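Worksheet: the structure to be examined is printed underneath.
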Amino acid sequence: MLDRRCREIDGLTTDMVRLERRVGEIETLLGTMRLSCEVDFYYGDQGNVGAVVRQRALYSDLTIIGPLILGAPDLALSVIDGSLGESGKPLLVVPKGTKATLSPRRVLVGWDRRVESSRAVREALGLLSRSKDVRIMLSDCRASYNGNREPAVDLADYLARHGVRGVVDCVPSVGAAVTTVLAQHALDVSADMLVMGAYGHRALRQRIFGGATGWIPEKLPIIPMFLAR
């Protein structure tokens with residue numbers, strides 16, 4: 001028992017040294033970029049990760065999670081629950097092989113007239129205004145509530161008032177799931193980022209991994225995702 005405890009302590013010490021070294025590397029990187037920053041870290045029970053992330057996210061404009069977290073599903077769920085689910089702030093998901101940017105060249109907005117989609121667009125206005133091409137995708141378009149007005153024209157007008165020119169793409173599903181259609185259209189238009197609302201049936205975990213966004217990250221083209229709810 002003593003030997004096992006010694007090994008556990010050695011492991012903890014090694015982890016802390018590795019973590020502190022990583023913090024130092026990040027501080028050095030951000031220092032070379034001349035950014036005003038604060039680097040913090042948490043080492044403890046994974047069950048508390050969501051609460052720790054939520055506390056930080058409350059005082060941030062945006063939470064960004066990258067490949068290392070996405071590669072650990074349980075940890076990713078905790079981080080997403082704490083940030084997107086509990087703080088009300090948007091989340092930028094950066095899969096492996098992509099780069100985090102707030103100035104994407106071409107953005108695809110997944111629009112379905114829900115409150116979550118509206119919030120995602122509002123939160124993403126800054127990056128949309130810096131994009132060269134904004135595409136608004138609807139699946140199986142129908143006329144809007146006020147008669148014969150084309151679907152998503154109201155959203156395009158809203159964006160235009162903020163200096164963003166959005167092009168509406170009405171894409172038939174042909175019986176396929178909306179998520180599949182959205183993923184394929186992202187490929188077809190060579191989107192650099194996807195903006196969409198995160199929503200679902202019961203819990204946030206379903207909203208991200210089991211609801212309409214349940215295809216993250218397996219079925220999604222490898223592009224960053226800007227999510228809000």
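Ligands are numbered from 1 in the order shown, residues from 1 within each chain, and chains are lettered A, B, ... in the order they appear in the structure tokens.
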
| query | Can you tell me, as a ChimeraX atom specification, what residues are no more than 12 Å from Gly175 in chain A when counting only C-alpha atoms, ignoring any on the same chain fewer than 6 positions away? | reply | /A:139-140,181

Once you have the residues from the selection above, write them out as a CSV table (one decimal), in the first residue's frame, restricted to all heavy atoms.
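Result file is again-v4.csv:
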chain,number,residue,atom,x,y,z
A,139,SER,N,-33.0,24.4,-44.8
A,139,SER,CA,-33.3,23.2,-45.4
A,139,SER,C,-34.8,23.1,-45.7
A,139,SER,O,-35.6,23.4,-44.7
A,139,SER,CB,-32.9,22.0,-44.6
A,139,SER,OG,-33.2,20.7,-45.2
A,140,ASP,N,-35.2,22.7,-46.9
A,140,ASP,CA,-36.6,22.6,-47.2
A,140,ASP,C,-37.4,23.9,-46.9
A,140,ASP,O,-38.3,24.0,-46.0
A,140,ASP,CB,-37.3,21.4,-46.5
A,140,ASP,CG,-36.7,20.1,-46.8
A,140,ASP,OD1,-36.2,20.0,-48.0
A,140,ASP,OD2,-36.6,19.2,-46.0
A,181,VAL,N,-27.4,17.3,-44.3
A,181,VAL,CA,-27.5,18.4,-45.4
A,181,VAL,C,-26.6,19.5,-45.1
A,181,VAL,O,-25.9,20.1,-45.9
A,181,VAL,CB,-29.0,18.8,-45.5
A,181,VAL,CG1,-29.1,19.9,-46.6
A,181,VAL,CG2,-29.9,17.7,-45.9

| request: Could you find all residues in range 48-185 of chain A that DSSP calls strand (DSSP E) from the backbone, and write them as a list in words? | output: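 Checking each residue of range 48-185 of chain A, the strand (DSSP E) ones are Thr63, Ile64, Ile65, Leu91, Leu92, Val93, Arg106, Val107, Leu108, Val109, Gly110, Asp133, Val134, Arg135, Ile136, Met137, Leu138, Ser139, Gly166, Val167, Val168, Asp169, Cys170 and Val171 of chain A.
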
| request: Identify which of the residues A:Leu84, A:Ala198, A:Leu125, A:Met33 lies closest to Trp111 in chain A, counting only C-alpha atoms when measuring atom-to-atom distances. | output: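 Distance minimum relative to Trp111 in chain A lands on A:Ala198.
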
| Top pick for closest residue to Glu116 in chain A, considering A:Arg229, A:Arg54, A:Arg4, A:Lys99 and counting only C-alpha atoms |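 Of the candidates, the smallest distance to Glu116 in chain A is held by A:Arg229.
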
| request: Choose the residue, out of A:Val174, A:Val121, A:Ala160, A:Leu127, that has the smallest atom-to-atom separation from Leu102 in chain A; count only C-alpha atoms. | output: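 That would be A:Leu127, the residue with the smallest distance to Leu102 in chain A.
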
| said: Applying 9 Å and only C-alpha atoms, which residues near Met137 in chain A remain after dropping the ones on its own chain fewer than 5 positions away? List them as a VMD selection string. | reply: chain A and resid 108 to 112 152 167 to 171 182 185

Pull N, CA and C atoms from the residues just selected and write them as a short mmCIF file (atom, residue, chain, number, x, y, z; two decimals), in the first residue's frame.
data_model
loop_
_atom_site.label_atom_id
_atom_site.label_comp_id
_atom_site.auth_asym_id
_atom_site.auth_seq_id
_atom_site.Cartn_x
_atom_site.Cartn_y
_atom_site.Cartn_z
N LEU A 108 -20.70 29.78 -42.97
CA LEU A 108 -22.01 29.20 -43.22
C LEU A 108 -22.84 29.28 -41.94
N VAL A 109 -24.00 29.91 -42.04
CA VAL A 109 -24.91 30.03 -40.90
C VAL A 109 -26.01 28.98 -41.06
N GLY A 110 -26.12 28.08 -40.11
CA GLY A 110 -27.21 27.12 -40.11
C GLY A 110 -28.43 27.74 -39.47
N TRP A 111 -29.45 28.07 -40.26
CA TRP A 111 -30.59 28.84 -39.78
C TRP A 111 -31.85 27.99 -39.78
N ASP A 112 -32.58 28.01 -38.66
CA ASP A 112 -33.82 27.25 -38.58
C ASP A 112 -34.93 28.01 -37.86
N ALA A 152 -35.85 33.48 -44.77
CA ALA A 152 -34.57 34.02 -44.29
C ALA A 152 -34.26 35.42 -44.81
N VAL A 167 -26.05 35.81 -48.14
CA VAL A 167 -26.70 35.16 -49.27
C VAL A 167 -27.46 33.94 -48.75
N VAL A 168 -28.74 33.83 -49.09
CA VAL A 168 -29.58 32.74 -48.61
C VAL A 168 -29.48 31.54 -49.55
N ASP A 169 -29.18 30.38 -48.98
CA ASP A 169 -29.13 29.12 -49.73
C ASP A 169 -30.26 28.22 -49.24
N CYS A 170 -31.25 27.96 -50.08
CA CYS A 170 -32.32 27.03 -49.76
C CYS A 170 -31.94 25.66 -50.30
N VAL A 171 -31.69 24.72 -49.41
CA VAL A 171 -31.16 23.41 -49.81
C VAL A 171 -32.19 22.33 -49.48
N LEU A 182 -26.62 19.96 -43.80
CA LEU A 182 -25.78 21.09 -43.38
C LEU A 182 -24.31 20.77 -43.54
N HIS A 185 -23.43 20.79 -47.24
CA HIS A 185 -23.41 22.14 -47.81
C HIS A 185 -22.18 22.91 -47.36
#

| request: Kindly indicate which residue among A:Ala124, A:Ile222, A:Met16, A:Leu75 lies nearest to Val94 in chain A, using only C-alpha atoms for the distances. | output: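 Going through A:Ala124, A:Ile222, A:Met16, A:Leu75 one by one, the smallest distance to Val94 in chain A is for A:Ile222.
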
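Every protein or nucleic acid residue with an atom no more than 12 Å from range 18-22 of chain A, counting only C-alpha atoms and leaving out same-chain residues fewer than 3 positions away, appears here: A:Gly11, A:Leu12, A:Thr13, A:Thr14, A:Asp15, A:Glu25, A:Ile26, A:Glu27, A:Thr28, A:Leu29, A:Val39, A:Asp40, A:Phe41, A:Tyr42, A:Tyr43, A:Gly44.
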
| request: Return the single residue from A:Lys89, A:Arg165, A:Arg113, A:Arg5 that is closest to Thr63 in chain A, with distances computed using only C-alpha atoms. | output: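 Answer, going by the shortest atom-to-atom distance: A:Lys89.
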